[in-house]
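Shown below: model00.txt, with compact mmCIF, N, CA and C atoms.
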```txt
# COMPACT_ATOMS: atom_id res chain seq x y z
N MET A 1 -22.85 17.13 1.14
CA MET A 1 -23.39 17.44 2.46
C MET A 1 -22.29 17.29 3.50
N LYS A 2 -22.16 18.27 4.34
CA LYS A 2 -21.16 18.27 5.40
C LYS A 2 -21.77 17.63 6.66
N PRO A 3 -21.22 16.50 7.13
CA PRO A 3 -21.80 15.84 8.30
C PRO A 3 -21.57 16.64 9.59
N LYS A 4 -22.58 16.66 10.44
CA LYS A 4 -22.48 17.36 11.71
C LYS A 4 -22.32 16.39 12.87
N THR A 5 -22.70 15.13 12.65
CA THR A 5 -22.58 14.10 13.68
C THR A 5 -21.90 12.88 13.10
N VAL A 6 -21.46 12.00 13.98
CA VAL A 6 -20.83 10.76 13.52
C VAL A 6 -21.85 9.88 12.80
N ASP A 7 -23.08 9.87 13.29
CA ASP A 7 -24.14 9.11 12.59
C ASP A 7 -24.28 9.59 11.15
N GLU A 8 -24.34 10.89 10.96
CA GLU A 8 -24.45 11.46 9.61
C GLU A 8 -23.24 11.07 8.77
N TYR A 9 -22.05 11.15 9.36
CA TYR A 9 -20.83 10.80 8.63
C TYR A 9 -20.91 9.36 8.12
N ILE A 10 -21.25 8.44 8.99
CA ILE A 10 -21.32 7.03 8.61
C ILE A 10 -22.40 6.81 7.57
N ASP A 11 -23.56 7.44 7.75
CA ASP A 11 -24.66 7.29 6.78
C ASP A 11 -24.29 7.76 5.37
N LEU A 12 -23.38 8.72 5.27
CA LEU A 12 -22.98 9.26 3.97
C LEU A 12 -21.98 8.37 3.22
N GLN A 13 -21.45 7.34 3.89
CA GLN A 13 -20.41 6.51 3.28
C GLN A 13 -20.99 5.36 2.45
N ASP A 14 -20.14 4.80 1.61
CA ASP A 14 -20.52 3.65 0.80
C ASP A 14 -20.86 2.47 1.71
N GLU A 15 -21.78 1.64 1.26
CA GLU A 15 -22.25 0.51 2.06
C GLU A 15 -21.11 -0.40 2.52
N ASP A 16 -20.11 -0.61 1.65
CA ASP A 16 -19.03 -1.53 2.00
C ASP A 16 -18.11 -1.01 3.10
N LYS A 17 -18.28 0.23 3.50
CA LYS A 17 -17.44 0.82 4.56
C LYS A 17 -18.20 1.04 5.86
N LYS A 18 -19.51 1.11 5.80
CA LYS A 18 -20.31 1.47 6.97
C LYS A 18 -20.10 0.53 8.16
N GLU A 19 -20.05 -0.77 7.90
CA GLU A 19 -19.92 -1.72 9.01
C GLU A 19 -18.58 -1.54 9.74
N GLN A 20 -17.50 -1.41 8.98
CA GLN A 20 -16.18 -1.20 9.62
C GLN A 20 -16.16 0.10 10.41
N LEU A 21 -16.71 1.15 9.85
CA LEU A 21 -16.74 2.44 10.54
C LEU A 21 -17.52 2.33 11.84
N GLN A 22 -18.66 1.67 11.80
CA GLN A 22 -19.47 1.50 13.00
C GLN A 22 -18.74 0.65 14.04
N GLN A 23 -18.02 -0.36 13.60
CA GLN A 23 -17.26 -1.21 14.52
C GLN A 23 -16.14 -0.40 15.20
N ILE A 24 -15.47 0.44 14.44
CA ILE A 24 -14.42 1.29 15.03
C ILE A 24 -15.05 2.23 16.05
N ARG A 25 -16.16 2.82 15.70
CA ARG A 25 -16.85 3.74 16.61
C ARG A 25 -17.21 3.03 17.92
N GLU A 26 -17.80 1.86 17.82
CA GLU A 26 -18.20 1.10 19.01
C GLU A 26 -16.99 0.71 19.84
N LEU A 27 -15.90 0.36 19.19
CA LEU A 27 -14.68 0.00 19.90
C LEU A 27 -14.15 1.19 20.71
N ILE A 28 -14.13 2.35 20.10
CA ILE A 28 -13.66 3.56 20.79
C ILE A 28 -14.55 3.86 22.00
N LEU A 29 -15.86 3.89 21.78
CA LEU A 29 -16.78 4.26 22.86
C LEU A 29 -16.84 3.22 23.98
N SER A 30 -16.65 1.95 23.64
CA SER A 30 -16.66 0.93 24.69
C SER A 30 -15.36 0.94 25.49
N THR A 31 -14.27 1.37 24.86
CA THR A 31 -12.98 1.43 25.54
C THR A 31 -12.86 2.70 26.38
N VAL A 32 -13.40 3.80 25.89
CA VAL A 32 -13.34 5.09 26.59
C VAL A 32 -14.75 5.69 26.62
N PRO A 33 -15.60 5.20 27.52
CA PRO A 33 -16.98 5.69 27.56
C PRO A 33 -17.12 7.20 27.78
N LYS A 34 -16.10 7.82 28.39
CA LYS A 34 -16.16 9.27 28.65
C LYS A 34 -15.64 10.11 27.47
N ALA A 35 -15.25 9.46 26.39
CA ALA A 35 -14.75 10.21 25.22
C ALA A 35 -15.88 11.04 24.62
N GLU A 36 -15.53 12.25 24.22
CA GLU A 36 -16.49 13.13 23.54
C GLU A 36 -16.41 12.87 22.05
N GLU A 37 -17.57 12.58 21.47
CA GLU A 37 -17.64 12.28 20.04
C GLU A 37 -18.02 13.53 19.27
N GLN A 38 -17.29 13.81 18.20
CA GLN A 38 -17.59 14.98 17.38
C GLN A 38 -17.08 14.75 15.96
N VAL A 39 -17.40 15.66 15.08
CA VAL A 39 -16.87 15.63 13.72
C VAL A 39 -15.99 16.86 13.59
N SER A 40 -14.73 16.62 13.21
CA SER A 40 -13.77 17.70 13.04
C SER A 40 -13.04 17.47 11.72
N TYR A 41 -12.90 18.52 10.93
CA TYR A 41 -12.32 18.40 9.60
C TYR A 41 -13.04 17.33 8.79
N MET A 42 -14.32 17.23 9.00
CA MET A 42 -15.24 16.34 8.27
C MET A 42 -15.00 14.84 8.53
N VAL A 43 -14.35 14.49 9.64
CA VAL A 43 -14.19 13.08 10.02
C VAL A 43 -14.51 12.92 11.52
N PRO A 44 -14.96 11.72 11.91
CA PRO A 44 -15.22 11.46 13.33
C PRO A 44 -13.93 11.58 14.15
N TYR A 45 -14.07 12.25 15.27
CA TYR A 45 -12.95 12.62 16.13
C TYR A 45 -13.40 12.42 17.57
N TYR A 46 -12.51 11.90 18.39
CA TYR A 46 -12.85 11.64 19.79
C TYR A 46 -11.88 12.38 20.69
N LYS A 47 -12.44 13.01 21.69
CA LYS A 47 -11.65 13.81 22.62
C LYS A 47 -11.78 13.20 24.01
N TYR A 48 -10.65 13.05 24.66
CA TYR A 48 -10.60 12.61 26.05
C TYR A 48 -9.50 13.45 26.67
N TYR A 49 -9.90 14.52 27.32
CA TYR A 49 -9.02 15.60 27.77
C TYR A 49 -8.47 16.38 26.57
N PHE A 50 -7.85 15.67 25.65
CA PHE A 50 -7.30 16.25 24.41
C PHE A 50 -7.72 15.32 23.27
N GLY A 51 -7.22 15.58 22.06
CA GLY A 51 -7.52 14.70 20.94
C GLY A 51 -7.09 13.27 21.25
N LEU A 52 -7.97 12.32 21.05
CA LEU A 52 -7.69 10.93 21.39
C LEU A 52 -7.39 10.12 20.13
N VAL A 53 -8.41 9.85 19.33
CA VAL A 53 -8.29 9.11 18.07
C VAL A 53 -9.40 9.57 17.14
N GLY A 54 -9.36 9.09 15.92
CA GLY A 54 -10.42 9.37 14.96
C GLY A 54 -10.42 8.30 13.89
N PHE A 55 -11.35 8.41 12.97
CA PHE A 55 -11.41 7.46 11.86
C PHE A 55 -12.07 8.10 10.66
N GLY A 56 -11.91 7.46 9.52
CA GLY A 56 -12.51 7.99 8.31
C GLY A 56 -12.58 6.94 7.22
N ALA A 57 -13.43 7.20 6.25
CA ALA A 57 -13.56 6.33 5.09
C ALA A 57 -12.58 6.79 4.02
N GLN A 58 -11.99 5.83 3.36
CA GLN A 58 -11.06 6.10 2.27
C GLN A 58 -11.51 5.29 1.05
N LYS A 59 -10.86 5.50 -0.06
CA LYS A 59 -11.23 4.84 -1.31
C LYS A 59 -11.27 3.31 -1.18
N LYS A 60 -10.24 2.74 -0.54
CA LYS A 60 -10.15 1.28 -0.45
C LYS A 60 -10.62 0.71 0.88
N GLY A 61 -11.09 1.55 1.78
CA GLY A 61 -11.54 1.05 3.08
C GLY A 61 -11.64 2.17 4.10
N CYS A 62 -11.05 1.92 5.27
CA CYS A 62 -11.13 2.89 6.36
C CYS A 62 -9.74 3.21 6.88
N SER A 63 -9.65 4.33 7.56
CA SER A 63 -8.41 4.71 8.22
C SER A 63 -8.71 4.99 9.68
N PHE A 64 -7.76 4.62 10.53
CA PHE A 64 -7.84 4.86 11.96
C PHE A 64 -6.72 5.84 12.30
N TYR A 65 -7.09 6.99 12.86
CA TYR A 65 -6.14 8.05 13.16
C TYR A 65 -5.75 7.98 14.64
N THR A 66 -4.49 7.66 14.89
CA THR A 66 -4.02 7.50 16.27
C THR A 66 -3.68 8.83 16.93
N MET A 67 -3.50 9.87 16.15
CA MET A 67 -3.15 11.21 16.62
C MET A 67 -1.84 11.23 17.41
N ASN A 68 -1.00 10.26 17.11
CA ASN A 68 0.34 10.19 17.68
C ASN A 68 1.20 9.46 16.66
N SER A 69 2.16 10.13 16.09
CA SER A 69 2.94 9.54 15.01
C SER A 69 3.80 8.34 15.43
N LYS A 70 3.97 8.13 16.72
CA LYS A 70 4.77 6.99 17.20
C LYS A 70 3.92 5.73 17.41
N MET A 71 2.63 5.86 17.48
CA MET A 71 1.76 4.72 17.80
C MET A 71 1.82 3.58 16.79
N PRO A 72 1.58 3.81 15.50
CA PRO A 72 1.62 2.67 14.57
C PRO A 72 2.96 1.92 14.60
N GLU A 73 4.04 2.67 14.67
CA GLU A 73 5.36 2.04 14.71
C GLU A 73 5.53 1.22 15.99
N ALA A 74 5.02 1.71 17.10
CA ALA A 74 5.13 1.00 18.37
C ALA A 74 4.39 -0.34 18.35
N PHE A 75 3.35 -0.44 17.52
CA PHE A 75 2.55 -1.67 17.42
C PHE A 75 2.76 -2.38 16.09
N LYS A 76 3.88 -2.10 15.46
CA LYS A 76 4.21 -2.62 14.13
C LYS A 76 4.06 -4.14 14.03
N SER A 77 4.54 -4.85 15.03
CA SER A 77 4.49 -6.33 14.99
C SER A 77 3.06 -6.85 15.01
N GLU A 78 2.15 -6.08 15.56
CA GLU A 78 0.75 -6.50 15.63
C GLU A 78 -0.06 -6.00 14.43
N LEU A 79 0.57 -5.22 13.58
CA LEU A 79 -0.11 -4.65 12.41
C LEU A 79 0.36 -5.28 11.11
N THR A 80 0.90 -6.48 11.18
CA THR A 80 1.36 -7.18 9.99
C THR A 80 0.19 -7.35 9.02
N GLY A 81 0.41 -6.96 7.78
CA GLY A 81 -0.63 -7.06 6.76
C GLY A 81 -1.44 -5.79 6.57
N TYR A 82 -1.25 -4.83 7.48
CA TYR A 82 -1.95 -3.55 7.37
C TYR A 82 -0.93 -2.47 7.00
N LYS A 83 -1.37 -1.54 6.18
CA LYS A 83 -0.50 -0.42 5.82
C LYS A 83 -0.69 0.67 6.87
N PHE A 84 0.39 1.35 7.18
CA PHE A 84 0.28 2.50 8.08
C PHE A 84 1.33 3.52 7.71
N SER A 85 1.03 4.76 8.01
CA SER A 85 1.95 5.85 7.76
C SER A 85 1.72 6.90 8.83
N ALA A 86 2.81 7.42 9.34
CA ALA A 86 2.75 8.43 10.40
C ALA A 86 1.78 7.98 11.49
N SER A 87 0.68 8.67 11.65
CA SER A 87 -0.25 8.33 12.74
C SER A 87 -1.52 7.63 12.25
N THR A 88 -1.51 7.14 11.02
CA THR A 88 -2.71 6.55 10.42
C THR A 88 -2.52 5.08 10.07
N ILE A 89 -3.51 4.28 10.42
CA ILE A 89 -3.53 2.86 10.06
C ILE A 89 -4.61 2.69 9.00
N HIS A 90 -4.24 2.10 7.87
CA HIS A 90 -5.17 1.90 6.76
C HIS A 90 -5.71 0.47 6.79
N ILE A 91 -7.01 0.34 6.72
CA ILE A 91 -7.67 -0.97 6.77
C ILE A 91 -8.52 -1.11 5.50
N ASN A 92 -8.13 -2.01 4.63
CA ASN A 92 -8.89 -2.22 3.40
C ASN A 92 -10.23 -2.87 3.72
N SER A 93 -11.20 -2.66 2.84
CA SER A 93 -12.55 -3.20 3.05
C SER A 93 -12.56 -4.72 3.18
N ASP A 94 -11.60 -5.40 2.54
CA ASP A 94 -11.58 -6.86 2.59
C ASP A 94 -10.76 -7.40 3.76
N GLN A 95 -10.22 -6.52 4.59
CA GLN A 95 -9.43 -6.94 5.74
C GLN A 95 -10.30 -6.96 7.01
N LYS A 96 -9.94 -7.87 7.89
CA LYS A 96 -10.61 -7.94 9.19
C LYS A 96 -10.11 -6.77 10.04
N LEU A 97 -11.01 -6.17 10.77
CA LEU A 97 -10.65 -5.06 11.65
C LEU A 97 -9.73 -5.58 12.76
N PRO A 98 -8.55 -4.99 12.94
CA PRO A 98 -7.62 -5.46 13.98
C PRO A 98 -8.03 -4.93 15.36
N LYS A 99 -9.15 -5.41 15.86
CA LYS A 99 -9.74 -4.86 17.08
C LYS A 99 -8.81 -4.89 18.29
N THR A 100 -8.09 -5.99 18.46
CA THR A 100 -7.24 -6.12 19.64
C THR A 100 -6.18 -5.03 19.67
N VAL A 101 -5.48 -4.82 18.57
CA VAL A 101 -4.43 -3.80 18.54
C VAL A 101 -5.02 -2.39 18.57
N LEU A 102 -6.16 -2.18 17.93
CA LEU A 102 -6.78 -0.85 17.98
C LEU A 102 -7.17 -0.51 19.42
N LYS A 103 -7.67 -1.49 20.14
CA LYS A 103 -8.05 -1.27 21.55
C LYS A 103 -6.80 -0.93 22.38
N LYS A 104 -5.70 -1.61 22.12
CA LYS A 104 -4.45 -1.31 22.83
C LYS A 104 -3.99 0.12 22.54
N ILE A 105 -4.11 0.52 21.29
CA ILE A 105 -3.72 1.88 20.90
C ILE A 105 -4.62 2.91 21.59
N ILE A 106 -5.91 2.64 21.59
CA ILE A 106 -6.85 3.56 22.24
C ILE A 106 -6.51 3.70 23.73
N LYS A 107 -6.24 2.58 24.39
CA LYS A 107 -5.89 2.63 25.82
C LYS A 107 -4.57 3.37 26.05
N ALA A 108 -3.60 3.16 25.17
CA ALA A 108 -2.32 3.87 25.28
C ALA A 108 -2.52 5.38 25.10
N ARG A 109 -3.34 5.76 24.14
CA ARG A 109 -3.63 7.18 23.92
C ARG A 109 -4.39 7.77 25.11
N MET A 110 -5.28 6.99 25.68
CA MET A 110 -6.03 7.44 26.86
C MET A 110 -5.06 7.74 28.00
N LYS A 111 -4.10 6.84 28.23
CA LYS A 111 -3.11 7.05 29.30
C LYS A 111 -2.24 8.27 29.02
N GLU A 112 -1.86 8.45 27.75
CA GLU A 112 -1.07 9.64 27.38
C GLU A 112 -1.85 10.91 27.73
N ASN A 113 -3.12 10.93 27.38
CA ASN A 113 -3.93 12.12 27.62
C ASN A 113 -4.16 12.36 29.11
N GLU A 114 -4.34 11.29 29.87
CA GLU A 114 -4.51 11.43 31.32
C GLU A 114 -3.23 12.01 31.94
N TYR A 115 -2.10 11.54 31.47
CA TYR A 115 -0.80 12.04 31.96
C TYR A 115 -0.64 13.53 31.63
N LYS A 116 -0.93 13.90 30.38
CA LYS A 116 -0.83 15.30 29.98
C LYS A 116 -1.79 16.18 30.78
N ALA A 117 -2.99 15.67 31.04
CA ALA A 117 -3.97 16.44 31.80
C ALA A 117 -3.50 16.63 33.24
N ALA A 118 -2.89 15.60 33.82
CA ALA A 118 -2.38 15.70 35.18
C ALA A 118 -1.23 16.71 35.27
N LEU A 119 -0.35 16.70 34.26
CA LEU A 119 0.74 17.68 34.23
C LEU A 119 0.22 19.09 34.10
N LYS A 120 -0.78 19.25 33.26
CA LYS A 120 -1.36 20.59 33.05
C LYS A 120 -2.02 21.08 34.33
N LYS A 121 -2.72 20.18 35.01
CA LYS A 121 -3.38 20.55 36.28
C LYS A 121 -2.36 20.91 37.35
N LYS A 122 -1.25 20.19 37.37
CA LYS A 122 -0.19 20.43 38.34
C LYS A 122 0.44 21.80 38.14
N LYS A 123 0.55 22.25 36.90
CA LYS A 123 1.14 23.54 36.57
C LYS A 123 0.22 24.71 36.94
N SER A 124 -1.09 24.44 37.00
CA SER A 124 -2.03 25.54 37.27
C SER A 124 -2.03 25.96 38.72
```
Let's see the structure in the file written out as structure tokens.
Amino acid sequence: MKPKTVDEYIDLQDEDKKEQLQQIRELILSTVPKAEEQVSYMVPYYKYYFGLVGFGAQKKGCSFYTMNSKMPEAFKSELTGYKFSASTIHINSDQKLPKTVLKKIIKARMKENEYKAALKKKKS
């Protein structure tokens, strides 16, 4: 079944992943209440002017998609114990969700998008 909403996406996942996925969702929406929630490429995706962040379930846990390949590296010291590659942070089911650093990343992405939107508006 192809999920059409984030609720459907989370409901389709294994029980051991649902809580982490819901926590990531709540963190995103509480940090950026104006973010548009949608499912794109079969994973939850958030838009704030442009692509903001996303998340998904993986075999061993969840992934948080920063949509900026420099983000995980920029927060490397705060991601000790977590695997990351390019723009994705991998969180195993037995790991605590790194809420503080994820919130910082979300805020940084929000500022990037606001800046890009302002530049685009200035050009018009």
Next on the checklist: When DSSP is applied to the backbone of this structure, which of chain A are assigned strand (DSSP E or B)? Write them out as a PyMOL selection string.
Outcome noted: chain A and resi 36-40+43-48+50-58+61-65+83-85+88-92
Item to check | Distance query region 85-89 of chain A at most 10 Å, only C-alpha atoms, self and fewer than 3 positions along chain excluded, as a VMD selection string | outcome: chain A and resid 53 to 55 62 to 73 79 82 92 102
Checklist entry - With only N, CA and C atoms as the atoms that count, which of A:Lys47, A:Lys99, A:Lys17, A:Arg25 lies nearest to Gly61 (chain A)? => result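 Ranked by minimum distance to Gly61 (chain A), first place goes to A:Lys17.
When only C-alpha atoms are used to measure the gap to Glu8 (chain A), the shortest distance among A:Leu21, A:Leu97, A:Ile91, A:Ala108 belongs to A:Leu21.
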Checklist entry - Hey, which of A:Gln38, A:Gln23, A:Ser93, A:Ser124 ends up closest to Gly51 (chain A)? Count only C-alpha atoms. => result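 Nearest candidate to Gly51 (chain A) out of A:Gln38, A:Gln23, A:Ser93, A:Ser124: A:Gln38.
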Checklist outcome for this item: Taken to one decimal, the CA of Thr100 (chain A)-CA of Lys4 (chain A) distance is 29.1 Å
Next on the checklist: Using DSSP secondary structure from the backbone, list all alpha helix (DSSP H) positions within chain A, as a PyMOL selection string.
Outcome noted: chain A and resi 6-11+15-31+71-74+99-123
